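Q: Please see the structure below; I have some questions.
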Amino acid sequence: MANREEYTPGPASGAQIRKDGEKWTLILVRELRHSPEKVWQALTDPAHLREWAPFEADGNLGTVGTAVKLTTVAAPKPYVTETTVKRAEAPKVLEYGWGGNDMRWELEALGAGTRLTLWASIDRRFISMGAAGWHICFDVLERLLAGEPIGRIAGPTMKFAGWQRLNAEYAKQFGIETPSCPPNAPKG
C-alpha cells in the first residue's frame, strides 16, 4: 500500500453546480489514466467500491434492476440506503440513488484513459462538503486503479486537514459560505 500519510489533495477543481428550481446538482469531472472498462469495474464491483467509495455496497451495481443496499462509511450511526440500479450501460453510464439523491456516472474514453463525470443531486447546504468528499474519493480511486492503493478516506474526512481546505475552496468557488458539518449528515 502506498503511503497514506503522504497524501495531500490538490486544489479544488473540476466541480460545478447547477440549480433547477429547488433542485441542486453537483457535477464533478475527473480525467483518469485508466480505461473505461477498468473504471466501470471500480464503480460497480463491491470489492472495488470498498477501497475508495464513501459507502459499502452489498451487491454489484452493474446491472439494471439490481437492488443493492448502500451503507455510508463511518457515519455517526448506521445509515443504510436501499437502491435499485436505474441504468447500467457498461462502460458508459451508471445511475442509481444514494441517500435520497440521484447519482449518474458518465464514462467517456479519452485517449487511453477516461473522463469520469459524476452528477449528484444534493442538498444545497452540503454542496461544498460533497465536492470535497468526492474530490478525495476520486484521488483514492485514481491511486487504486494505478495499483498504488492508499485506502479509503471517507466518512471521517472532516477530521482530515485536506478535506477542511477543499471544503473552504469549493465553498469559495461556488460563492457560498463555508459550511460546518452537521453531526449526523451523510458525507460523499
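Lettering and numbering for the C-alpha cells are positional, with chains as A, B, ... in the shown order, residues counted from 1 in each chain, and ligands counted from 1 in the shown order.
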Distance table requested - range 64-170 of chain A against range 175-179 of chain A, cut-off 8 Å, only C-alpha atoms: one row per qualifying residue with the closest atom pair and its distance in Å to one decimal, ordered by chain and rising residue number, as a tab-separated table.

A:
```
residue	atom	partner	partner_atom	distance
A:Arg125	CA	A:Pro179	CA	7.1
A:Phe126	CA	A:Pro179	CA	7.5
A:Ser128	CA	A:Thr178	CA	7.4
A:Met129	CA	A:Pro179	CA	7.5
A:Asn167	CA	A:Thr178	CA	6.8
A:Ala168	CA	A:Thr178	CA	5.3
```

Q: Any chance you could export the current selection's N, CA and C atoms as a PDB file, in the first residue's frame?

A:
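part_2.pdb written:
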```
ATOM      1  N   ARG A 125     -27.093  22.883   1.143  1.00  0.00           N
ATOM      2  CA  ARG A 125     -26.238  23.099   2.314  1.00  0.00           C
ATOM      3  C   ARG A 125     -24.987  22.231   2.299  1.00  0.00           C
ATOM      4  N   PHE A 126     -24.996  21.155   1.530  1.00  0.00           N
ATOM      5  CA  PHE A 126     -23.887  20.193   1.562  1.00  0.00           C
ATOM      6  C   PHE A 126     -23.037  20.197   0.289  1.00  0.00           C
ATOM      7  N   SER A 128     -20.505  22.112  -1.000  1.00  0.00           N
ATOM      8  CA  SER A 128     -19.035  22.181  -0.917  1.00  0.00           C
ATOM      9  C   SER A 128     -18.465  20.979  -0.161  1.00  0.00           C
ATOM     10  N   MET A 129     -19.205  20.502   0.850  1.00  0.00           N
ATOM     11  CA  MET A 129     -18.752  19.314   1.585  1.00  0.00           C
ATOM     12  C   MET A 129     -18.746  18.091   0.673  1.00  0.00           C
ATOM     13  N   ASN A 167     -13.124  21.873   1.355  1.00  0.00           N
ATOM     14  CA  ASN A 167     -14.469  22.363   1.664  1.00  0.00           C
ATOM     15  C   ASN A 167     -14.502  23.883   1.535  1.00  0.00           C
ATOM     16  N   ALA A 168     -13.503  24.559   2.101  1.00  0.00           N
ATOM     17  CA  ALA A 168     -13.435  26.021   2.030  1.00  0.00           C
ATOM     18  C   ALA A 168     -13.193  26.495   0.595  1.00  0.00           C
TER      19      ALA A 168
END
```

Q: Quick one: residues within 9 Å of Leu94 in chain A, only C-alpha atoms, excluding same-chain residues fewer than 3 positions away - as JSON, numbers by chain?

A: {"A": [40, 43, 44, 61, 62, 64, 85, 86, 87, 88, 89, 90, 91, 103, 104, 105, 106, 107]}

Q: Env of Ile127 in chain A: 9 Å cut, atoms = only C-alpha atoms, seq-sep filter 3 positions within chain, self excluded. Answer as a tab-separated table (two decimals) with all heavy atoms, in the first residue's frame.

A:
```
chain	number	residue	atom	x	y	z
A	17	ILE	N	-21.85	23.50	-10.04
A	17	ILE	CA	-23.19	23.24	-9.52
A	17	ILE	C	-24.21	23.77	-10.50
A	17	ILE	O	-23.95	24.74	-11.23
A	17	ILE	CB	-23.41	23.86	-8.12
A	17	ILE	CG1	-23.02	25.34	-8.10
A	17	ILE	CG2	-22.67	23.09	-7.06
A	17	ILE	CD1	-23.30	26.04	-6.79
A	24	TRP	N	-30.71	21.01	-6.64
A	24	TRP	CA	-29.30	21.32	-6.88
A	24	TRP	C	-28.58	20.06	-7.33
A	24	TRP	O	-28.83	18.97	-6.81
A	24	TRP	CB	-28.65	21.84	-5.60
A	24	TRP	CG	-29.15	23.19	-5.21
A	24	TRP	CD1	-30.30	23.47	-4.51
A	24	TRP	CD2	-28.56	24.45	-5.51
A	24	TRP	NE1	-30.44	24.82	-4.36
A	24	TRP	CE2	-29.39	25.45	-4.96
A	24	TRP	CE3	-27.41	24.83	-6.18
A	24	TRP	CZ2	-29.10	26.79	-5.06
A	24	TRP	CZ3	-27.11	26.17	-6.29
A	24	TRP	CH2	-27.95	27.14	-5.74
A	25	THR	N	-27.66	20.23	-8.27
A	25	THR	CA	-26.86	19.11	-8.75
A	25	THR	C	-25.39	19.50	-8.69
A	25	THR	O	-25.00	20.57	-9.15
A	25	THR	CB	-27.23	18.73	-10.20
A	25	THR	OG1	-28.63	18.40	-10.25
A	25	THR	CG2	-26.42	17.54	-10.68
A	26	LEU	N	-24.61	18.63	-8.10
A	26	LEU	CA	-23.16	18.77	-8.04
A	26	LEU	C	-22.60	17.96	-9.21
A	26	LEU	O	-22.96	16.79	-9.38
A	26	LEU	CB	-22.63	18.24	-6.71
A	26	LEU	CG	-21.12	18.17	-6.52
A	26	LEU	CD1	-20.51	19.57	-6.58
A	26	LEU	CD2	-20.80	17.51	-5.19
A	122	ILE	N	-28.07	17.01	-4.68
A	122	ILE	CA	-27.54	17.23	-3.33
A	122	ILE	C	-28.26	18.41	-2.69
A	122	ILE	O	-28.67	19.35	-3.38
A	122	ILE	CB	-26.00	17.48	-3.40
A	122	ILE	CG1	-25.36	17.44	-2.02
A	122	ILE	CG2	-25.68	18.75	-4.16
A	122	ILE	CD1	-23.83	17.33	-2.06
A	123	ASP	N	-28.41	18.34	-1.38
A	123	ASP	CA	-28.97	19.46	-0.63
A	123	ASP	C	-28.00	20.63	-0.75
A	123	ASP	O	-26.79	20.45	-0.58
A	123	ASP	CB	-29.14	19.02	0.83
A	123	ASP	CG	-29.81	20.07	1.69
A	123	ASP	OD1	-29.32	21.21	1.74
A	123	ASP	OD2	-30.82	19.73	2.34
A	124	ARG	N	-28.50	21.80	-1.03
A	124	ARG	CA	-27.66	22.98	-1.24
A	124	ARG	C	-26.68	23.19	-0.08
A	124	ARG	O	-25.54	23.60	-0.28
A	124	ARG	CB	-28.54	24.23	-1.41
A	124	ARG	CG	-27.73	25.48	-1.69
A	124	ARG	CD	-28.62	26.72	-1.71
A	124	ARG	NE	-27.86	27.91	-2.11
A	124	ARG	CZ	-27.01	28.55	-1.33
A	124	ARG	NH1	-26.77	28.13	-0.11
A	124	ARG	NH2	-26.37	29.61	-1.76
A	130	GLY	N	-19.81	17.95	-0.14
A	130	GLY	CA	-19.88	16.84	-1.08
A	130	GLY	C	-18.77	16.91	-2.11
A	130	GLY	O	-18.13	15.90	-2.43
A	131	ALA	N	-18.51	18.11	-2.64
A	131	ALA	CA	-17.43	18.28	-3.62
A	131	ALA	C	-16.09	17.89	-3.01
A	131	ALA	O	-15.28	17.20	-3.64
A	131	ALA	CB	-17.40	19.72	-4.14
A	132	ALA	N	-15.84	18.32	-1.78
A	132	ALA	CA	-14.57	17.99	-1.10
A	132	ALA	C	-14.46	16.49	-0.88
A	132	ALA	O	-13.40	15.89	-1.13
A	132	ALA	CB	-14.47	18.74	0.22
A	167	ASN	N	-13.12	21.87	1.36
A	167	ASN	CA	-14.47	22.36	1.66
A	167	ASN	C	-14.50	23.88	1.54
A	167	ASN	O	-15.40	24.45	0.90
A	167	ASN	CB	-14.87	21.90	3.07
A	167	ASN	CG	-16.28	22.31	3.46
A	167	ASN	OD1	-17.17	22.45	2.63
A	167	ASN	ND2	-16.48	22.49	4.74
A	170	TYR	N	-13.96	24.91	-2.28
A	170	TYR	CA	-15.16	24.71	-3.10
A	170	TYR	C	-16.24	25.71	-2.71
A	170	TYR	O	-16.94	26.24	-3.58
A	170	TYR	CB	-15.68	23.27	-2.99
A	170	TYR	CG	-14.90	22.30	-3.85
A	170	TYR	CD1	-14.19	21.25	-3.30
A	170	TYR	CD2	-14.89	22.42	-5.25
A	170	TYR	CE1	-13.48	20.35	-4.09
A	170	TYR	CE2	-14.18	21.53	-6.05
A	170	TYR	CZ	-13.49	20.50	-5.46
A	170	TYR	OH	-12.79	19.61	-6.25
A	171	ALA	N	-16.40	25.99	-1.43
A	171	ALA	CA	-17.40	26.98	-0.99
A	171	ALA	C	-17.11	28.33	-1.65
A	171	ALA	O	-18.02	29.00	-2.16
A	171	ALA	CB	-17.40	27.11	0.53
A	174	PHE	N	-17.99	28.21	-5.35
A	174	PHE	CA	-19.44	28.18	-5.57
A	174	PHE	C	-20.12	29.45	-5.05
A	174	PHE	O	-21.33	29.62	-5.22
A	174	PHE	CB	-20.07	26.97	-4.89
A	174	PHE	CG	-19.56	25.63	-5.38
A	174	PHE	CD1	-19.55	24.54	-4.53
A	174	PHE	CD2	-19.09	25.45	-6.68
A	174	PHE	CE1	-19.09	23.30	-4.97
A	174	PHE	CE2	-18.63	24.22	-7.12
A	174	PHE	CZ	-18.63	23.14	-6.27
```

Q: From the DSSP assignment of the backbone, select every residue of range 45-123 of chain A that is helix (DSSP H, G or I), and format the answer as a PDB file with C-alpha atoms, in the first residue's frame.

A:
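See states-v7.pdb below for the written result:
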```
ATOM      1  CA  PRO A  46     -18.426  -4.150  -4.253  1.00  0.00           C
ATOM      2  CA  ALA A  47     -14.798  -5.207  -3.618  1.00  0.00           C
ATOM      3  CA  HIS A  48     -13.517  -2.192  -5.575  1.00  0.00           C
ATOM      4  CA  LEU A  49     -16.058   0.229  -4.050  1.00  0.00           C
ATOM      5  CA  ARG A  50     -14.887  -0.847  -0.582  1.00  0.00           C
ATOM      6  CA  GLU A  51     -11.438   0.550  -1.433  1.00  0.00           C
ATOM      7  CA  TRP A  52     -12.453   4.104  -2.407  1.00  0.00           C
TER       8      TRP A  52
END
```

Q: Given the choices A:His135, A:Lys92, A:Ala57, A:Ser35, which gets closest to Glu169 in chain A if the distance is worked out from only C-alpha atoms?

A: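 Checking each of A:His135, A:Lys92, A:Ala57, A:Ser35 against Glu169 in chain A, counting only C-alpha atoms, the winner is A:His135.
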
Q: What is the CA of Gln16 in chain A-CA of Ala120 in chain A distance in Å, reported with one decimal?

A: 10.9 Å

Q: Counting only C-alpha atoms, which residue out of A:Glu31, A:Glu95, A:Glu5, A:Asp139 sits closest to Trp119 in chain A?

A: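 The answer is A:Glu95, which sits nearest to Trp119 in chain A.
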
Q: Separation of CA of Gly162 in chain A and CA of Arg18 in chain A, in Å?

A: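 Between CA of Gly162 in chain A and CA of Arg18 in chain A the gap is 24.8 Å.
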
Q: Tell me which protein, DNA and RNA residues are within 12 Å of Phe55 in chain A, counting only C-alpha atoms, leaving out same-chain ones fewer than 2 positions away, and put them as a PyMOL selection string.

A: chain A and resi 43-44+46-53+57-59+68-75+78-82+98-99+133-134+137+152-155+186-188

Q: Given the choices A:Arg33, A:Arg165, A:Arg4, A:Lys172, which gets closest to Leu145 in chain A if the distance is worked out from only C-alpha atoms?

A: A:Arg33
